[in-house]
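Everything below belongs to final25.cif, which stores mmCIF, C-alpha atoms.
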data_upload
#
loop_
_atom_site.label_atom_id
_atom_site.label_comp_id
_atom_site.auth_asym_id
_atom_site.auth_seq_id
_atom_site.Cartn_x
_atom_site.Cartn_y
_atom_site.Cartn_z
CA MET J 1 188.36 148.24 162.18
CA ASP J 2 191.75 149.25 160.81
CA ALA J 3 191.79 146.03 158.82
CA MET J 4 188.36 146.41 157.31
CA PRO J 5 188.34 144.79 153.85
CA ILE J 6 187.54 146.94 150.85
CA GLY J 7 184.24 145.18 150.13
CA ARG J 8 182.90 145.79 153.60
CA MET J 9 184.14 149.35 153.60
CA ARG J 10 182.32 150.02 150.35
CA SER J 11 179.19 148.40 151.77
CA ALA J 12 179.42 150.55 154.92
CA GLY J 13 179.98 153.62 152.75
CA ALA J 14 176.92 152.81 150.64
CA SER J 15 174.84 152.34 153.80
CA PHE J 16 176.07 155.68 155.10
CA VAL J 17 175.04 157.49 151.92
CA LEU J 18 171.64 155.77 151.89
CA LEU J 19 170.94 156.54 155.57
CA MET J 20 172.07 160.14 155.16
CA LEU J 21 169.82 160.57 152.13
CA PHE J 22 166.90 159.09 154.07
CA TRP J 23 167.57 161.44 156.98
CA VAL J 24 167.77 164.58 154.83
CA MET J 25 164.59 163.62 152.94
CA LEU J 26 162.73 163.02 156.21
CA ASN J 27 163.89 166.33 157.66
CA GLY J 28 163.42 168.34 154.50
CA SER J 29 166.21 170.66 155.64
CA LEU J 30 169.92 171.18 155.01
CA ALA J 31 170.66 173.19 158.18
CA SER J 32 174.09 172.41 159.61
CA ASP J 33 172.82 171.03 162.95
CA VAL J 34 170.50 168.63 161.11
CA LEU J 35 173.36 167.49 158.87
CA ILE J 36 175.78 166.97 161.78
CA VAL J 37 173.34 164.87 163.82
CA GLY J 38 172.46 162.86 160.71
CA ALA J 39 176.09 162.26 159.77
CA VAL J 40 177.04 161.06 163.26
CA ALA J 41 174.04 158.72 163.53
CA SER J 42 174.42 157.40 159.96
CA ALA J 43 178.14 156.74 160.43
CA ALA J 44 177.50 154.89 163.69
CA ILE J 45 174.77 152.71 162.17
CA ALA J 46 176.78 152.02 159.02
CA LEU J 47 179.79 150.91 161.10
CA ILE J 48 177.78 148.77 163.53
CA TYR J 49 176.04 146.95 160.66
CA ARG J 50 179.03 146.81 158.28
CA ASP J 51 178.76 143.01 158.20
CA GLY J 52 175.02 143.10 157.61
CA LEU J 53 173.17 143.00 154.33
CA SER J 54 172.23 146.18 152.60
CA ILE J 55 170.49 146.74 149.31
CA PHE J 56 173.90 147.42 147.72
CA THR J 57 175.63 144.34 149.12
CA GLU J 58 176.67 142.17 146.21
CA ALA J 59 174.89 144.45 143.76
CA ARG J 60 176.42 144.71 140.33
CA TRP J 61 176.93 148.14 138.88
CA THR J 62 176.79 147.30 135.19
CA PRO J 63 174.41 149.13 132.83
CA ALA J 64 172.61 145.84 132.28
CA ALA J 65 172.03 145.50 136.03
CA ILE J 66 170.64 149.03 136.24
CA GLY J 67 168.33 148.31 133.31
CA ALA J 68 167.23 145.08 134.98
CA THR J 69 166.46 147.04 138.16
CA PHE J 70 163.91 149.15 136.30
CA GLY J 71 162.52 146.06 134.62
CA TYR J 72 162.27 144.39 138.00
CA ILE J 73 160.41 147.34 139.57
CA GLY J 74 157.92 147.44 136.70
CA TYR J 75 157.36 143.67 136.77
CA PHE J 76 157.05 143.76 140.56
CA LEU J 77 154.36 146.48 140.54
CA LYS J 78 152.41 144.61 137.86
CA GLU J 79 152.57 141.40 139.90
CA LEU J 80 151.58 143.25 143.08
CA VAL J 81 148.39 144.54 141.44
CA LYS J 82 147.63 141.09 139.96
CA SER J 83 148.23 139.58 143.37
CA ASN J 84 145.68 141.85 145.00
CA LEU J 85 143.03 141.25 142.35
CA HIS J 86 143.63 137.51 142.76
CA ILE J 87 143.23 137.63 146.55
CA ALA J 88 140.19 139.91 146.18
CA ALA J 89 138.57 137.41 143.81
CA VAL J 90 139.22 134.53 146.22
CA VAL J 91 137.96 136.40 149.26
CA LEU J 92 134.80 137.68 147.57
CA ASP J 93 133.87 134.29 146.09
CA PRO J 94 131.14 132.77 148.29
CA ALA J 95 132.67 129.30 147.76
CA LEU J 96 136.12 130.51 148.95
CA PRO J 97 138.06 128.52 146.33
CA VAL J 98 141.30 127.83 148.21
CA HIS J 99 143.29 124.68 147.67
CA PRO J 100 146.55 125.54 149.38
CA GLY J 101 149.82 123.69 149.66
CA ILE J 102 153.42 124.29 150.62
CA VAL J 103 155.67 123.58 147.66
CA LYS J 104 159.43 123.49 147.31
CA VAL J 105 161.07 125.57 144.61
CA HIS J 106 164.64 126.03 143.50
CA THR J 107 166.52 129.24 142.77
CA ARG J 108 169.65 129.73 140.70
CA LEU J 109 170.52 132.91 142.60
CA LYS J 110 173.74 132.69 144.59
CA SER J 111 173.89 136.03 146.40
CA ARG J 112 172.23 136.54 149.77
CA MET J 113 170.64 139.83 148.79
CA GLY J 114 169.30 138.34 145.55
CA ARG J 115 167.67 135.51 147.50
CA LEU J 116 166.25 137.89 150.08
CA LEU J 117 164.66 140.06 147.40
CA LEU J 118 163.36 136.96 145.63
CA ALA J 119 161.72 135.70 148.83
CA ASN J 120 160.18 139.12 149.48
CA SER J 121 158.94 139.41 145.91
CA ILE J 122 157.35 135.96 146.04
CA THR J 123 155.53 136.93 149.21
CA LEU J 124 153.99 139.98 147.56
CA THR J 125 152.89 138.23 144.37
CA PRO J 126 149.81 136.21 143.46
CA GLY J 127 148.85 133.73 146.13
CA THR J 128 152.36 132.84 147.27
CA LEU J 129 154.12 133.30 150.62
CA THR J 130 157.70 132.27 151.36
CA VAL J 131 157.70 130.21 154.55
CA ALA J 132 161.34 129.13 154.70
CA ILE J 133 164.61 129.38 152.80
CA GLU J 134 167.27 126.70 153.00
CA ASP J 135 170.25 127.41 150.78
CA GLU J 136 168.97 127.34 147.23
CA TRP J 137 165.56 125.91 148.18
CA LEU J 138 162.53 128.00 149.02
CA TYR J 139 159.39 126.62 150.64
CA VAL J 140 156.39 128.54 149.41
CA HIS J 141 152.80 128.51 150.64
CA TRP J 142 150.47 128.73 147.67
CA VAL J 143 146.79 129.64 148.14
CA THR J 144 145.61 128.17 144.87
CA MET J 145 148.20 125.51 144.22
CA GLU J 146 148.56 124.80 140.54
CA ALA J 147 151.51 122.42 140.53
CA ALA J 148 153.09 120.26 143.22
CA ASP J 149 155.80 119.27 140.81
CA GLN J 150 158.98 121.09 141.72
CA GLU J 151 160.03 122.11 138.22
CA GLU J 152 156.61 123.38 137.25
CA ALA J 153 156.21 125.25 140.55
CA THR J 154 159.65 126.80 140.13
CA ARG J 155 158.76 127.93 136.64
CA GLN J 156 155.50 129.53 137.74
CA ILE J 157 156.65 131.15 140.98
CA VAL J 158 160.35 131.87 140.68
CA ALA J 159 161.29 132.30 137.04
CA GLY J 160 159.78 135.74 136.45
CA PHE J 161 161.67 137.52 139.21
CA GLU J 162 164.75 135.38 138.96
CA SER J 163 165.55 136.52 135.44
CA TYR J 164 165.80 140.14 136.63
CA LEU J 165 167.51 139.46 139.96
CA GLU J 166 170.08 137.26 138.28
CA VAL J 167 171.32 140.24 136.30
CA MET J 168 171.12 142.59 139.31
CA TYR J 169 172.82 140.43 141.95
CA GLY J 170 173.77 137.09 140.49
CA MET U 1 145.24 171.48 138.25
CA ALA U 2 144.51 171.38 141.97
CA ALA U 3 141.03 170.06 141.25
CA VAL U 4 142.41 167.28 139.10
CA LEU U 5 144.82 166.29 141.88
CA ASP U 6 141.99 166.38 144.41
CA ILE U 7 139.86 164.03 142.34
CA LEU U 8 142.79 161.69 141.62
CA GLY U 9 143.76 161.70 145.29
CA GLY U 10 140.22 160.88 146.32
CA LEU U 11 139.99 158.01 143.85
CA LEU U 12 143.31 156.58 145.04
CA LEU U 13 142.18 156.81 148.65
CA VAL U 14 138.96 154.95 147.85
CA ALA U 15 140.86 152.26 145.92
CA GLY U 16 143.40 151.90 148.74
CA THR U 17 140.79 151.59 151.47
CA THR U 18 138.85 149.09 149.33
CA PHE U 19 141.89 146.81 149.22
CA LEU U 20 142.38 147.27 152.96
CA LEU U 21 138.73 146.30 153.49
CA LEU U 22 139.19 143.20 151.32
CA GLY U 23 142.28 142.33 153.33
CA GLY U 24 140.24 142.54 156.51
CA LEU U 25 137.55 140.37 154.96
CA GLY U 26 140.27 137.90 153.98
CA LEU U 27 141.48 137.71 157.57
CA VAL U 28 137.98 136.67 158.64
CA ARG U 29 137.17 134.31 155.77
CA MET U 30 140.43 132.46 155.15
CA PRO U 31 140.59 128.99 156.70
CA ASP U 32 144.01 128.90 158.38
CA VAL U 33 146.85 131.05 159.58
CA TYR U 34 148.94 130.80 156.39
CA ASN U 35 146.09 131.83 154.11
CA ARG U 36 145.23 134.65 156.51
CA ILE U 37 148.79 135.93 156.39
CA GLN U 38 148.59 135.89 152.59
CA ALA U 39 145.39 137.94 152.52
CA GLY U 40 146.76 140.28 155.16
CA THR U 41 150.13 140.90 153.51
CA LYS U 42 149.12 141.54 149.95
CA ALA U 43 146.04 143.63 150.52
CA THR U 44 147.66 145.80 153.16
CA THR U 45 150.72 146.44 151.00
CA LEU U 46 148.86 147.62 147.91
CA GLY U 47 146.08 149.22 149.99
CA THR U 48 148.54 151.25 152.03
CA LEU U 49 150.60 152.21 148.98
CA LEU U 50 147.47 153.49 147.18
CA THR U 51 146.37 155.35 150.31
CA LEU U 52 149.81 156.98 150.55
CA ALA U 53 149.67 157.90 146.85
CA GLY U 54 146.23 159.43 147.39
CA ALA U 55 147.51 161.44 150.34
CA ALA U 56 150.45 162.60 148.21
CA CYS U 57 148.01 163.93 145.58
CA LEU U 58 146.02 165.81 148.21
CA HIS U 59 149.12 167.18 149.96
CA PRO U 60 151.90 167.37 147.34
CA ASP U 61 154.32 168.86 149.90
CA TRP U 62 154.16 165.59 151.87
CA ALA U 63 155.05 163.52 148.82
CA ILE U 64 158.69 162.78 149.68
CA LYS U 65 157.92 161.61 153.21
CA LEU U 66 155.02 159.50 151.96
CA LEU U 67 157.31 157.93 149.37
CA LEU U 68 159.77 157.00 152.13
CA ILE U 69 156.97 155.42 154.16
CA GLY U 70 155.94 153.45 151.08
CA LEU U 71 159.48 152.15 150.49
CA PHE U 72 159.80 151.18 154.13
CA LEU U 73 156.54 149.22 153.90
CA LEU U 74 157.64 147.43 150.74
CA PHE U 75 160.71 146.08 152.51
CA THR U 76 159.25 145.31 155.93
CA ASN U 77 155.77 143.95 155.14
CA PRO U 78 156.85 140.75 153.36
CA LEU U 79 159.63 140.12 155.90
CA SER U 80 157.28 140.23 158.86
CA SER U 81 154.85 137.90 157.06
CA GLN U 82 157.59 135.39 156.35
CA VAL U 83 158.76 135.43 159.95
CA LEU U 84 155.18 134.94 161.18
CA ALA U 85 154.57 132.08 158.74
CA HIS U 86 157.86 130.40 159.58
CA ALA U 87 157.20 130.71 163.31
CA ALA U 88 153.71 129.25 162.87
CA HIS U 89 155.11 126.33 160.91
CA ARG U 90 157.79 125.61 163.50
CA GLU U 91 155.13 125.52 166.18
CA HIS U 92 153.09 123.09 164.01
CA VAL U 93 150.09 125.34 163.68
CA ALA U 94 147.64 123.17 161.77
CA THR U 95 146.93 123.83 158.11
CA THR U 96 143.39 123.70 156.78
CA PRO U 97 142.24 120.21 155.72
CA ALA U 98 141.97 121.60 152.19
CA THR U 99 145.79 121.77 152.08
CA GLU U 100 147.06 119.44 149.37
CA VAL U 101 150.73 119.03 150.21
CA ASP U 102 153.17 120.36 152.77
CA LEU U 103 156.64 119.61 151.50
CA LEU U 104 158.28 121.59 154.30
CA ASP U 105 156.54 119.41 156.87
CA GLU U 106 157.52 116.19 155.11
CA GLU U 107 161.18 117.11 155.09
CA THR U 108 161.65 118.73 158.46
CA GLY U 109 158.88 116.95 160.37
CA GLU U 110 161.11 114.33 161.99
CA GLU U 111 163.51 116.85 163.55
CA ALA U 112 160.76 118.60 165.46
#

Encoding of this model in structure tokens:
Amino acid sequence: MDAMPIGRMRSAGASFVLLMLFWVMLNGSLASDVLIVGAVASAAIALIYRDGLSIFTEARWTPAAIGATFGYIGYFLKELVKSNLHIAAVVLDPALPVHPGIVKVHTRLKSRMGRLLLANSITLTPGTLTVAIEDEWLYVHWVTMEAADQEEATRQIVAGFESYLEVMYG
Amino acid sequence: MAAVLDILGGLLLVAGTTFLLLGGLGLVRMPDVYNRIQAGTKATTLGTLLTLAGAACLHPDWAIKLLLIGLFLLFTNPLSSQVLAHAAHREHVATTPATEVDLLDEETGEEA
């Protein structure tokens, strides 16, 4: 612990702040006993998981990254709504027009957190579900498969989110 | 103002539960486990978020806690779906005959 590298210490510190914020918002109170319990628990969790991933791990703090974060959230919400309308249309169609497949797509993202968010985003967007990640390859289940070709599938599934996440995490 | 929030909250609740209903219908109608997971994940995420937003309109003092629940869902829902789908694939749960390709199976099939 005494030799904890700066990067990990910053990551643990960021986790502590996030957990503490979560705790105070859940309690809706700033009484000293609430704060003490929260601080002890948050510090313990942040230290235990200092090697783990958190939303701030590998995040970039440039203005461009912060702008991309808002762009990402907006794009994500739009895709989430589209995704639901798409699934609703499939489910309500008497013919049940599914022609699924598991395709392989490539990501340019290098960071672990960027890849994790990409996989999560793909799962919540139209007709796609990440089944496995192996290094820079993602295997995606696609309800209405439009392209088996890797480049075309990558363009349709990955490119939208990747352009934001690339700026946010690299 | 309160009346407007009441109406908005009610509409959001109806929209949210409609998506949840469609998700349930998807679970019944979809042909295999992967497609079911897809229907289940997406509809429950948006359905629950809309329901939470509706509840926040009806009880504005709950809004912060409801927001936290929503964030928690956004991070955990897709993860659990991916783990379920990956586990199903490792156990060779059959895909529907309508499936056109399974590139994951072709590449990792021989190790299993």

Atomic separation - atom CA of Val131 of chain J relative to atom CA of Gln82 of chain U, Å: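 If I compute the distance from atom CA of Gln82 of chain U to atom CA of Val131 of chain J, I get 5.5 Å.
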
Atom CA of Lys110 of chain J to atom CA of Thr144 of chain J, distance in Å rounded to a single decimal: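 Separation between atom CA of Lys110 of chain J and atom CA of Thr144 of chain J: 28.5 Å.
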
Provide the atom CA of Thr123 of chain J to atom CA of Phe16 of chain J distance in Å, to one decimal place. 28.4 Å

Between U:Asn35, U:Ser81, U:Thr51, U:Thr45, single out the one closest to Ala98 of chain U, counting only C-alpha atoms. U:Asn35

Within 10 Å of chain U: residues of chain J, using all atoms listed in the file, as a ChimeraX atom specification: /J:22,25-28,77,80-81,83-92,94,96-104,116-117,119-133,138-145,148
